[in-house]
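Participant: Sharing input-v7.txt below, compact mmCIF, C-alpha atoms and all ligand atoms:
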# COMPACT_ATOMS: atom_id res chain seq x y z
CA MET A 11 44.88 15.98 30.78
CA LYS A 12 45.22 16.28 27.02
CA GLN A 13 42.13 16.67 24.91
CA ILE A 14 41.82 15.76 21.27
CA ASN A 15 38.55 16.54 19.54
CA VAL A 16 37.31 14.21 16.88
CA LYS A 17 35.09 15.88 14.38
CA ILE A 18 32.68 13.56 12.63
CA PRO A 19 31.35 14.77 9.32
CA ALA A 20 27.59 14.66 8.86
CA LEU A 21 26.40 11.33 7.56
CA PRO A 22 26.57 11.31 3.77
CA ARG A 23 23.16 9.77 3.44
CA ASN A 24 20.41 10.67 5.82
CA SER A 25 17.21 10.08 3.94
CA TYR A 26 15.49 7.10 2.41
CA PRO A 27 12.51 6.55 0.14
CA ILE A 28 9.24 4.88 1.09
CA TYR A 29 7.38 3.28 -1.81
CA ILE A 30 3.67 2.58 -1.44
CA GLY A 31 1.59 0.47 -3.81
CA GLN A 32 -0.28 -2.80 -4.28
CA ASN A 33 0.62 -6.21 -5.65
CA PHE A 34 4.20 -5.36 -6.58
CA LEU A 35 5.94 -8.02 -4.49
CA ASP A 36 6.64 -10.27 -7.50
CA THR A 37 8.62 -7.61 -9.36
CA LEU A 38 10.31 -6.05 -6.35
CA LEU A 39 13.39 -8.25 -6.15
CA THR A 40 14.46 -7.32 -9.67
CA LYS A 41 14.14 -3.65 -8.73
CA ILE A 42 16.18 -4.15 -5.56
CA GLN A 43 18.86 -6.03 -7.51
CA ASN A 44 18.98 -3.27 -10.11
CA ASP A 45 19.18 -0.57 -7.44
CA HIS A 46 21.92 -2.40 -5.52
CA PRO A 47 23.90 -4.34 -8.15
CA ASP A 48 26.95 -4.79 -5.93
CA ARG A 49 25.19 -6.10 -2.86
CA SER A 50 24.73 -9.72 -1.80
CA LEU A 51 21.15 -10.15 -0.71
CA PHE A 52 19.86 -12.08 2.30
CA ILE A 53 16.16 -12.32 3.19
CA ILE A 54 14.82 -12.48 6.74
CA THR A 55 11.17 -13.42 7.13
CA ASP A 56 8.98 -15.69 9.28
CA SER A 57 7.11 -18.95 8.77
CA ASN A 58 3.71 -17.23 8.35
CA LEU A 59 5.00 -15.10 5.51
CA ALA A 60 6.46 -18.22 3.92
CA GLU A 61 3.24 -20.23 4.37
CA ASN A 62 1.14 -17.43 2.90
CA ASN A 63 3.32 -17.41 -0.22
CA HIS A 64 4.66 -13.89 0.26
CA LEU A 65 8.24 -15.16 0.34
CA LYS A 66 7.69 -17.13 -2.85
CA LYS A 67 6.17 -14.09 -4.54
CA LEU A 68 9.13 -11.96 -3.56
CA THR A 69 11.84 -14.37 -4.66
CA ALA A 70 9.97 -15.69 -7.72
CA GLU A 71 12.38 -18.09 -9.36
CA LYS A 72 15.45 -16.50 -7.85
CA ASP A 73 17.58 -18.37 -5.38
CA ILE A 74 18.25 -15.92 -2.55
CA PRO A 75 19.47 -17.29 0.78
CA ASN A 76 17.11 -16.64 3.66
CA TYR A 77 16.41 -17.11 7.34
CA ILE A 78 12.84 -18.03 8.25
CA ILE A 79 12.03 -17.07 11.83
CA ASN A 80 10.08 -19.83 13.52
CA PRO A 81 8.02 -19.65 15.68
CA PRO A 82 6.79 -16.37 14.22
CA GLY A 83 5.90 -13.44 16.47
CA GLU A 84 7.13 -11.91 19.71
CA LYS A 85 8.52 -15.14 21.17
CA SER A 86 11.32 -15.10 18.62
CA LYS A 87 12.18 -11.43 19.09
CA HIS A 88 15.14 -12.43 21.21
CA ILE A 89 18.88 -11.86 20.95
CA GLN A 90 19.31 -15.62 20.37
CA THR A 91 17.51 -15.29 17.05
CA VAL A 92 19.96 -12.57 16.00
CA VAL A 93 22.87 -14.83 16.94
CA LYS A 94 21.47 -17.60 14.73
CA ILE A 95 20.91 -15.22 11.82
CA ILE A 96 24.38 -13.75 12.07
CA GLU A 97 26.02 -17.15 12.27
CA LYS A 98 24.10 -18.33 9.21
CA MET A 99 25.26 -15.24 7.31
CA GLU A 100 28.83 -15.82 8.41
CA GLN A 101 28.72 -19.45 7.30
CA GLN A 102 27.58 -18.24 3.91
CA PHE A 103 30.41 -15.70 3.69
CA TYR A 104 28.29 -12.55 3.70
CA ALA A 105 30.65 -9.57 3.87
CA ARG A 106 30.12 -5.87 4.54
CA ASP A 107 28.70 -5.38 1.06
CA SER A 108 25.56 -7.31 2.01
CA LEU A 109 21.96 -6.19 2.14
CA ILE A 110 19.30 -7.69 4.37
CA ILE A 111 15.71 -7.67 3.13
CA ALA A 112 13.19 -7.79 5.99
CA LEU A 113 9.87 -9.25 4.83
CA GLY A 114 7.29 -9.29 7.61
CA GLY A 115 5.68 -7.54 10.53
CA GLY A 116 7.28 -5.50 13.29
CA THR A 117 8.92 -8.56 14.79
CA VAL A 118 10.78 -9.45 11.61
CA GLY A 119 11.56 -5.78 10.96
CA ASP A 120 12.98 -5.22 14.44
CA ILE A 121 15.06 -8.42 14.37
CA ALA A 122 16.33 -7.91 10.81
CA GLY A 123 17.00 -4.22 11.37
CA PHE A 124 19.02 -4.98 14.48
CA ALA A 125 20.92 -7.81 12.77
CA ALA A 126 21.78 -5.37 9.97
CA ALA A 127 22.89 -2.74 12.48
CA VAL A 128 25.39 -5.06 14.14
CA TYR A 129 26.51 -7.47 11.40
CA LYS A 130 30.14 -6.58 10.58
CA ARG A 131 29.49 -3.18 12.21
CA GLY A 132 26.52 -2.45 10.04
CA ILE A 133 25.15 -3.42 6.64
CA HIS A 134 22.26 -2.20 4.54
CA VAL A 135 18.66 -3.18 5.23
CA ILE A 136 15.46 -2.81 3.22
CA GLN A 137 12.12 -3.10 4.98
CA ILE A 138 9.07 -4.73 3.38
CA PRO A 139 6.43 -4.42 6.13
CA THR A 140 3.42 -6.74 5.95
CA THR A 141 1.27 -5.89 8.98
CA THR A 142 -0.79 -2.82 9.90
CA VAL A 143 1.67 -2.17 12.76
CA ALA A 144 4.72 -2.42 10.53
CA GLN A 145 3.27 -0.45 7.60
CA ALA A 146 2.09 2.40 9.84
CA ASP A 147 4.78 2.41 12.43
CA SER A 148 7.73 0.09 12.90
CA SER A 149 9.23 0.08 9.38
CA VAL A 150 9.69 3.85 9.40
CA GLY A 151 11.87 5.69 11.87
CA GLY A 152 14.92 3.47 12.24
CA LYS A 153 14.28 1.95 15.65
CA THR A 154 15.41 -1.67 15.79
CA GLY A 155 15.83 -4.06 18.66
CA VAL A 156 15.34 -7.43 20.28
CA ASP A 157 14.59 -8.63 23.80
CA SER A 158 16.90 -10.06 26.42
CA THR A 159 15.65 -12.70 28.81
CA ILE A 160 14.95 -9.86 31.24
CA SER A 161 13.35 -7.08 29.24
CA LYS A 162 11.85 -6.00 25.93
CA ASN A 163 14.09 -4.28 23.39
CA ALA A 164 17.09 -4.60 25.74
CA PHE A 165 19.36 -4.77 22.68
CA GLY A 166 18.63 -2.01 20.23
CA ALA A 167 19.99 0.48 17.75
CA PHE A 168 18.80 3.29 15.58
CA TRP A 169 19.46 1.92 12.11
CA ASN A 170 17.71 3.44 9.16
CA PRO A 171 16.67 1.29 6.22
CA ARG A 172 17.87 2.08 2.69
CA ALA A 173 14.28 1.95 1.52
CA VAL A 174 10.83 0.84 2.66
CA TYR A 175 8.41 -0.93 0.32
CA ILE A 176 4.79 -0.98 1.47
CA ASP A 177 2.62 -3.35 -0.53
CA VAL A 178 -0.83 -2.96 1.03
CA ALA A 179 -2.06 -6.13 -0.69
CA THR A 180 0.16 -8.19 1.63
CA LEU A 181 -2.26 -7.27 4.43
CA ASN A 182 -4.92 -9.49 2.85
CA THR A 183 -3.61 -12.62 4.53
CA LEU A 184 -3.27 -11.06 7.97
CA ASP A 185 -5.50 -12.36 10.75
CA GLN A 186 -8.41 -9.94 11.40
CA THR A 187 -7.61 -9.30 15.08
CA GLN A 188 -3.98 -8.51 14.27
CA TYR A 189 -5.13 -6.38 11.37
CA LEU A 190 -7.53 -4.30 13.49
CA ALA A 191 -5.21 -3.96 16.47
CA GLY A 192 -2.49 -2.60 14.20
CA LEU A 193 -4.83 0.10 12.95
CA VAL A 194 -4.76 1.69 16.39
CA GLU A 195 -1.33 3.12 15.49
CA SER A 196 -2.93 4.79 12.46
CA LEU A 197 -5.65 6.26 14.63
CA LYS A 198 -2.94 7.46 17.01
CA HIS A 199 -1.21 9.27 14.13
CA ALA A 200 -4.45 11.04 13.26
CA LEU A 201 -5.04 12.04 16.88
CA ILE A 202 -1.61 13.53 17.52
CA ALA A 203 -0.98 15.17 14.19
CA ASP A 204 -3.78 15.56 11.69
CA GLU A 205 -7.40 16.45 12.35
CA LYS A 206 -8.35 15.95 8.69
CA TYR A 207 -6.94 12.45 8.85
CA PHE A 208 -9.09 11.80 11.91
CA THR A 209 -12.23 12.88 10.04
CA PHE A 210 -11.14 10.74 7.08
CA PHE A 211 -10.80 7.83 9.49
CA GLU A 212 -14.32 8.41 10.80
CA LYS A 213 -15.85 8.69 7.35
CA ASN A 214 -14.07 5.66 5.96
CA ILE A 215 -13.93 3.37 8.95
CA ASP A 216 -15.99 0.63 7.27
CA LYS A 217 -13.76 0.63 4.20
CA ILE A 218 -10.69 0.58 6.42
CA ILE A 219 -11.99 -2.36 8.43
CA ASN A 220 -12.88 -4.21 5.23
CA ARG A 221 -9.39 -3.67 3.76
CA ASP A 222 -10.53 -1.61 0.79
CA ILE A 223 -7.31 -1.31 -1.20
CA GLU A 224 -7.74 2.30 -2.32
CA THR A 225 -8.40 3.40 1.26
CA LEU A 226 -5.44 1.41 2.52
CA LEU A 227 -3.19 3.18 0.02
CA ILE A 228 -4.38 6.52 1.35
CA ILE A 229 -3.87 5.68 5.00
CA ALA A 230 -0.45 4.11 4.34
CA GLU A 231 0.66 7.38 2.82
CA LYS A 232 -0.82 9.50 5.60
CA ASN A 233 0.84 7.34 8.27
CA CYS A 234 4.24 7.50 6.63
CA ARG A 235 4.09 11.24 6.09
CA ILE A 236 3.12 11.87 9.71
CA LYS A 237 5.66 9.50 11.19
CA ALA A 238 8.45 10.63 8.85
CA LYS A 239 7.87 14.28 9.69
CA ILE A 240 7.97 13.69 13.44
CA VAL A 241 11.03 11.43 13.19
CA ALA A 242 12.86 13.96 10.99
CA GLU A 243 12.34 16.63 13.64
CA ASP A 244 13.60 14.43 16.47
CA PRO A 245 15.29 11.25 15.20
CA THR A 246 16.53 9.97 18.57
CA GLU A 247 13.46 10.78 20.66
CA LYS A 248 14.77 13.61 22.77
CA ASN A 249 11.44 15.43 22.81
CA LYS A 250 8.87 15.68 20.00
CA ARG A 251 9.16 12.07 18.88
CA ARG A 252 7.66 11.17 22.23
CA ILE A 253 4.23 12.11 20.90
CA LEU A 254 4.31 8.83 18.99
CA ASN A 255 3.90 7.28 22.43
CA TYR A 256 0.41 8.74 22.80
CA GLY A 257 -1.69 6.22 24.71
CA HIS A 258 1.37 4.06 25.28
CA THR A 259 2.09 4.85 28.96
CA VAL A 260 -0.99 3.09 30.29
CA GLY A 261 -1.00 0.96 27.11
CA HIS A 262 2.41 -0.61 27.73
CA ALA A 263 1.49 -1.21 31.37
CA ALA A 264 -1.76 -2.95 30.39
CA GLU A 265 0.06 -5.01 27.75
CA SER A 266 2.60 -6.17 30.24
CA ALA A 267 0.07 -6.72 33.09
CA SER A 268 -1.97 -8.91 30.74
CA ARG A 269 1.19 -10.97 30.17
CA PHE A 270 0.82 -10.11 26.51
CA GLU A 271 -2.70 -11.58 26.30
CA LEU A 272 -3.66 -8.15 25.00
CA LEU A 273 -2.15 -7.36 21.63
CA HIS A 274 -0.12 -4.17 21.59
CA GLY A 275 -2.79 -2.24 19.67
CA GLN A 276 -5.54 -3.47 22.00
CA ALA A 277 -3.56 -2.26 25.01
CA VAL A 278 -2.86 1.07 23.34
CA ALA A 279 -6.60 1.46 22.66
CA ILE A 280 -7.16 1.31 26.43
CA GLY A 281 -4.25 3.71 26.89
CA ILE A 282 -5.77 6.18 24.43
CA ILE A 283 -9.00 6.17 26.43
CA ALA A 284 -6.97 6.75 29.62
CA ALA A 285 -5.18 9.69 27.99
CA GLY A 286 -8.56 11.05 26.84
CA LEU A 287 -9.94 10.88 30.39
CA ILE A 288 -6.85 12.69 31.70
CA GLU A 289 -7.38 15.38 29.05
CA GLN A 290 -11.00 15.77 30.16
CA LYS A 291 -9.96 16.10 33.78
CA MET A 292 -7.38 18.69 32.85
CA LYS A 293 -9.94 20.53 30.71
CA LEU A 294 -7.83 20.12 27.60
CA ALA A 295 -10.11 18.12 25.37
CA GLU A 296 -12.94 19.26 23.16
CA PRO A 297 -16.22 18.04 24.71
CA ASP A 298 -16.97 15.51 22.00
CA GLN A 299 -13.46 14.20 21.43
CA LEU A 300 -13.42 11.13 23.62
CA ARG A 301 -16.87 9.98 22.47
CA ARG A 302 -15.75 10.12 18.83
CA ILE A 303 -12.59 8.17 19.57
CA LYS A 304 -14.55 5.55 21.51
CA ILE A 305 -16.97 5.03 18.63
CA LEU A 306 -14.07 4.33 16.29
CA LEU A 307 -12.31 1.98 18.68
CA GLU A 308 -15.55 0.07 19.24
CA LYS A 309 -16.07 -0.30 15.49
CA MET A 310 -12.51 -1.61 15.33
CA LYS A 311 -13.50 -4.14 18.04
CA MET A 312 -10.85 -2.78 20.35
CA PRO A 313 -11.28 -2.87 24.14
CA THR A 314 -12.04 0.52 25.70
CA LYS A 315 -12.02 -0.68 29.28
CA MET A 316 -9.29 -2.24 31.38
CA PRO A 317 -9.77 -6.02 31.73
CA LYS A 318 -11.16 -6.75 35.22
CA ASN A 319 -8.30 -9.10 36.09
CA ILE A 320 -5.80 -6.26 35.77
CA LYS A 321 -5.87 -4.16 38.93
CA SER A 322 -5.26 -0.42 38.81
CA ASN A 323 -2.52 -0.85 41.40
CA GLN A 324 -0.64 -3.09 39.02
CA ILE A 325 -0.87 -0.41 36.35
CA ILE A 326 0.46 2.23 38.77
CA GLN A 327 3.42 0.00 39.67
CA LEU A 328 4.15 -0.65 36.02
CA ILE A 329 3.95 2.96 34.84
CA LYS A 330 6.50 3.88 37.49
CA ARG A 331 8.91 1.69 35.52
CA ASP A 332 8.11 3.44 32.24
CA LYS A 333 11.42 3.84 30.47
CA LYS A 334 10.96 7.58 30.28
CA ALA A 335 9.83 8.04 33.89
CA VAL A 336 11.46 10.82 35.89
CA ASN A 337 11.64 10.22 39.66
CA LYS A 338 9.59 7.06 39.16
CA TRP A 339 6.65 8.86 37.60
CA PRO A 340 5.99 8.99 33.86
CA LYS A 341 5.20 12.05 31.80
CA PHE A 342 2.12 11.84 29.59
CA VAL A 343 1.60 12.79 25.99
CA LEU A 344 -1.72 14.62 25.81
CA LEU A 345 -3.84 16.19 23.12
CA GLU A 346 -4.53 19.87 22.98
CA LYS A 347 -7.35 19.00 20.61
CA THR A 348 -8.11 16.32 18.04
CA GLY A 349 -5.21 16.24 15.60
CA LYS A 350 -2.81 18.21 17.79
CA ALA A 351 -0.56 16.97 20.57
CA LEU A 352 -0.09 19.40 23.43
CA CYS A 353 3.20 21.29 23.55
CA LYS A 354 3.86 23.41 26.64
CA ASN A 355 7.13 25.21 27.39
CA GLN A 356 8.58 23.42 24.36
CA GLN A 357 7.87 20.05 25.98
CA TRP A 358 5.73 17.34 24.40
CA ALA A 359 5.27 15.10 27.44
CA HIS A 360 3.68 16.43 30.58
CA ASP A 361 3.39 16.01 34.31
CA VAL A 362 0.08 14.60 35.48
CA ALA A 363 -0.54 14.33 39.22
CA PRO A 364 -0.68 10.74 40.53
CA GLU A 365 -4.16 11.44 42.00
CA THR A 366 -5.45 12.37 38.55
CA VAL A 367 -4.06 9.19 37.06
CA LYS A 368 -5.53 7.12 39.88
CA ASP A 369 -8.96 8.71 39.39
CA VAL A 370 -8.80 8.04 35.68
CA LEU A 371 -7.75 4.42 36.15
CA ALA A 372 -10.72 3.91 38.47
CA LYS A 373 -13.00 5.14 35.66
CA LEU A 374 -11.53 2.64 33.20
CA TYR A 375 -13.43 -0.37 34.51
N1 LIG A 401 10.66 -0.34 15.70
C1 LIG A 401 9.58 0.36 15.97
O1 LIG A 401 9.55 1.59 15.86
C2 LIG A 401 8.37 -0.37 16.41
C3 LIG A 401 7.12 0.27 16.43
C4 LIG A 401 5.99 -0.47 16.77
C5 LIG A 401 6.11 -1.82 17.08
N2 LIG A 401 7.34 -2.40 17.06
C6 LIG A 401 7.50 -3.83 17.35
O2 LIG A 401 6.77 -4.56 16.39
C7 LIG A 401 6.39 -5.80 16.93
C8 LIG A 401 4.94 -6.05 16.62
O3 LIG A 401 4.77 -6.01 15.23
P1 LIG A 401 3.56 -6.74 14.51
O4 LIG A 401 2.32 -6.43 15.20
O5 LIG A 401 3.71 -6.46 13.07
O6 LIG A 401 3.84 -8.25 14.89
P2 LIG A 401 4.45 -9.52 14.12
O7 LIG A 401 5.55 -9.16 13.22
O8 LIG A 401 4.77 -10.48 15.21
O9 LIG A 401 3.22 -10.03 13.27
C9 LIG A 401 2.06 -10.52 13.90
C10 LIG A 401 1.72 -11.91 13.37
O10 LIG A 401 1.26 -11.80 12.02
C11 LIG A 401 2.00 -12.64 11.16
N3 LIG A 401 2.07 -11.96 9.87
C12 LIG A 401 2.78 -10.86 9.53
N4 LIG A 401 2.45 -10.43 8.32
C13 LIG A 401 1.52 -11.29 7.83
C14 LIG A 401 0.77 -11.35 6.63
N5 LIG A 401 0.89 -10.41 5.70
N6 LIG A 401 -0.09 -12.38 6.48
C15 LIG A 401 -0.26 -13.30 7.46
N7 LIG A 401 0.40 -13.28 8.63
C16 LIG A 401 1.27 -12.28 8.82
C17 LIG A 401 3.32 -12.83 11.84
O11 LIG A 401 3.95 -14.01 11.44
C18 LIG A 401 2.91 -12.85 13.31
O12 LIG A 401 2.47 -14.13 13.66
C19 LIG A 401 6.66 -5.71 18.43
O13 LIG A 401 7.79 -6.47 18.74
C20 LIG A 401 6.93 -4.24 18.68
O14 LIG A 401 7.84 -4.03 19.73
C21 LIG A 401 8.44 -1.71 16.71
ZN ZN A 402 2.71 1.27 19.50
Spell out the structure here as structure tokens.
Ligand SMILES: NC(=O)c1ccc[n+]([C@@H]2O[C@H](COP(=O)([O-])OP(=O)(O)OC[C@H]3O[C@@H](n4cnc5c(N)ncnc54)[C@H](O)[C@@H]3O)[C@@H](O)[C@H]2O)c1
Ligand SMILES: [Zn+2]
Facilitator:
Amino acid sequence: MKQINVKIPALPRNSYPIYIGQNFLDTLLTKIQNDHPDRSLFIITDSNLAENNHLKKLTAEKDIPNYIINPPGEKSKHIQTVVKIIEKMEQQFYARDSLIIALGGGTVGDIAGFAAAVYKRGIHVIQIPTTTVAQADSSVGGKTGVDSTISKNAFGAFWNPRAVYIDVATLNTLDQTQYLAGLVESLKHALIADEKYFTFFEKNIDKIINRDIETLLIIAEKNCRIKAKIVAEDPTEKNKRRILNYGHTVGHAAESASRFELLHGQAVAIGIIAAGLIEQKMKLAEPDQLRRIKILLEKMKMPTKMPKNIKSNQIIQLIKRDKKAVNKWPKFVLLEKTGKALCKNQQWAHDVAPETVKDVLAKLY
């Protein structure tokens, strides 16, 4: 057998800027055009962003072709939507020198990012996140994907944006439940990586809930710095990046068992409590930790108990299917203390005995 080695040079461009500010949407397109004078622009957004005038603000008087995802939200995060987008771009003769602008929440960002990753083998994308989930989480880190008829994110790619523009004022039109649920990802960042951020969260929780712009600017920056640092250390989630899944093992199971009645952030709130109870059982946590987390989640109107109609057996069955399960049992991200994820033997996700998990689930009702 002959072997020829192909050596691939390091990617020429492996970083991207995140801009954070307020009320800059109406001047942003000119900046993007100036920064990318040779690119043909195409905007992907959804009907809520259009109805709330964000699309109009972004395009101002300019005539930029777009695709408006409708219905908005998870239902449209399907490969069929990507097919429609790509065919529209083809009909309009978009070539490899194109740039997709994603204006919206995590759904739009994931769809648009994936479309950019696969269109003509990959074109540029700029993310303009407009939800608490997208500004804290999904717009940074390069994960993109859409669902198949069988499972979530069945089609996916790591595809980094050229830039991310976070305008915290866009959050003003977001529904309050969506807004609060998305903040759980911010709380998660504080818990796994930054004790000072956690105390900031506690001190400023009322301002955060009431969308105080100055506070939102601060937390947007904290979130991006934390996520960017973790992603830079482990871009393809081999190890450390897994800490971003704190609270997500039980969280994803609860989300799916509720048939998506629970919003992602609501389910993760329950998952964070479950992780906290595991930590207590394993004598990891500081005595007061879980109580402090609970107070915050309650102020954020997040559930801290498993809904009664979801049985713990269902959760056990679902966590066995966790995409990172080994021998049909997941590993758990745990905290060593507030602001610090546990790392043992250079591993960031840990074995927890099934009996411990079962005991903890019983306590969640
Ligand atoms: N790629 C990643 O790393 C990553 C990380 C976390 C979540 N996600 C994905 O993100 C998705 C969830 O994201 P999401 O919570 O942002 O959901 P979303 O994009 O569906 O937005 C929620 C709802 O709010 C509306 N909306 C968005 N911005 C608005 C605004 N400014 N004003 C008024 N309405 C607005 C949307 O139209 C939608 O109806 C999931 O599919 C999840 O898998 C991806
Ligand atoms: Zn999440």
Participant: Residues within 9 Å of ligand ZN 402 (chain A) (only C-alpha atoms and all ligand atoms), as number ranges by chain?
Facilitator: A: 143, 147-148, 192, 194-195, 198, 254-258, 261-262, 274-275, 278
Participant: Counting only C-alpha atoms and all ligand atoms, which residues in chain A sit no more than 7 Å from ligand LIG 401 (chain A)? For each one, give the nearest pair of atoms and the distance in Å, sorted by chain then residue number, as CSV.
Facilitator:
residue,atom,partner,partner_atom,distance
A:Asp56,CA,A:LIG401,O11,5.7
A:Ser57,CA,A:LIG401,O11,6.4
A:Asn58,CA,A:LIG401,O11,4.5
A:Leu59,CA,A:LIG401,C13,5.7
A:Asn62,CA,A:LIG401,C15,6.3
A:Pro82,CA,A:LIG401,O11,4.6
A:Gly83,CA,A:LIG401,O8,3.4
A:Glu84,CA,A:LIG401,O8,5.3
A:Lys87,CA,A:LIG401,O13,6.6
A:Gly114,CA,A:LIG401,N4,5.0
A:Gly115,CA,A:LIG401,O7,3.1
A:Gly116,CA,A:LIG401,O3,3.2
A:Thr117,CA,A:LIG401,O7,3.8
A:Val118,CA,A:LIG401,O7,5.5
A:Asp120,CA,A:LIG401,N1,5.5
A:Thr140,CA,A:LIG401,N5,4.5
A:Thr141,CA,A:LIG401,N4,4.7
A:Thr142,CA,A:LIG401,O5,6.6
A:Val143,CA,A:LIG401,O5,4.8
A:Ala144,CA,A:LIG401,O5,4.9
A:Asp147,CA,A:LIG401,C3,5.1
A:Ser148,CA,A:LIG401,C3,3.6
A:Ser149,CA,A:LIG401,N1,6.5
A:Val150,CA,A:LIG401,O1,6.8
A:Gly151,CA,A:LIG401,O1,6.2
A:Gly152,CA,A:LIG401,N1,6.7
A:Lys153,CA,A:LIG401,N1,4.3
A:Thr154,CA,A:LIG401,N1,4.9
A:Thr180,CA,A:LIG401,N5,4.7
A:Leu181,CA,A:LIG401,N5,4.6
A:Asn182,CA,A:LIG401,N5,6.5
A:Thr183,CA,A:LIG401,N6,4.0
A:Leu184,CA,A:LIG401,N6,3.8
A:Asp185,CA,A:LIG401,C15,6.3
A:Gln188,CA,A:LIG401,C9,6.4
A:Gly192,CA,A:LIG401,O4,6.2
Participant: Have a look at atom CA of A:Gly286 and atom CA of A:Gln145 and let me know their distance in Å, one decimal.
Facilitator: 25.3 Å
Participant: To one decimal place, how far is atom CA of A:Asp157 from atom CA of A:Asn337 in Å?
Facilitator: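 These two atoms are separated by 24.8 Å.
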Participant: For stretch 265-270 of chain A, please output as a ChimeraX atom specification all residues within 9 Å (counting only C-alpha atoms; exclusion window: fewer than 6 positions along the same chain).
Facilitator: /A:276-278,317,319-321,324-325,328
Participant: So, counting only C-alpha atoms, which residue among A:Arg106, A:Lys309, A:Lys12, A:His88 is closest to A:Phe124?
Facilitator: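 Smallest separation from A:Phe124 among the options: A:His88.
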Participant: Output stretch 151-164 of chain A as a CSV table (one decimal), keeping the file's coordinate frame, making sure N, CA, C and O atoms are there.
Facilitator:
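Output contents, as saved in selection34.csv:
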chain,number,residue,atom,x,y,z
A,151,GLY,N,11.4,5.0,10.7
A,151,GLY,CA,11.9,5.7,11.9
A,151,GLY,C,13.2,5.1,12.4
A,151,GLY,O,13.8,5.8,13.3
A,152,GLY,N,13.6,3.9,11.9
A,152,GLY,CA,14.9,3.5,12.2
A,152,GLY,C,15.1,2.8,13.6
A,152,GLY,O,16.2,2.5,13.9
A,153,LYS,N,14.1,2.6,14.4
A,153,LYS,CA,14.3,2.0,15.6
A,153,LYS,C,14.3,0.5,15.4
A,153,LYS,O,13.4,-0.1,14.7
A,154,THR,N,15.3,-0.2,15.9
A,154,THR,CA,15.4,-1.7,15.8
A,154,THR,C,15.7,-2.2,17.2
A,154,THR,O,16.3,-1.5,18.0
A,155,GLY,N,15.4,-3.5,17.4
A,155,GLY,CA,15.8,-4.1,18.7
A,155,GLY,C,15.2,-5.4,18.9
A,155,GLY,O,14.3,-5.8,18.3
A,156,VAL,N,15.8,-6.1,19.9
A,156,VAL,CA,15.3,-7.4,20.3
A,156,VAL,C,15.4,-7.5,21.8
A,156,VAL,O,16.1,-6.7,22.5
A,157,ASP,N,14.7,-8.5,22.3
A,157,ASP,CA,14.6,-8.6,23.8
A,157,ASP,C,15.7,-9.4,24.4
A,157,ASP,O,16.3,-10.3,23.7
A,158,SER,N,16.0,-9.2,25.7
A,158,SER,CA,16.9,-10.1,26.4
A,158,SER,C,16.0,-11.0,27.2
A,158,SER,O,14.7,-10.9,27.1
A,159,THR,N,16.5,-11.8,28.0
A,159,THR,CA,15.6,-12.7,28.8
A,159,THR,C,14.9,-11.9,29.9
A,159,THR,O,13.9,-12.2,30.4
A,160,ILE,N,15.5,-10.7,30.2
A,160,ILE,CA,15.0,-9.9,31.2
A,160,ILE,C,14.0,-8.8,30.7
A,160,ILE,O,12.9,-8.6,31.3
A,161,SER,N,14.3,-8.1,29.7
A,161,SER,CA,13.4,-7.1,29.2
A,161,SER,C,13.3,-6.9,27.7
A,161,SER,O,14.1,-7.4,27.0
A,162,LYS,N,12.2,-6.2,27.3
A,162,LYS,CA,11.8,-6.0,25.9
A,162,LYS,C,12.8,-5.0,25.3
A,162,LYS,O,13.1,-4.0,26.0
A,163,ASN,N,13.2,-5.2,24.1
A,163,ASN,CA,14.1,-4.3,23.4
A,163,ASN,C,15.4,-3.9,24.2
A,163,ASN,O,15.9,-2.8,24.1
A,164,ALA,N,15.9,-4.9,24.9
A,164,ALA,CA,17.1,-4.6,25.7
A,164,ALA,C,18.3,-4.3,24.8
A,164,ALA,O,19.2,-3.6,25.1
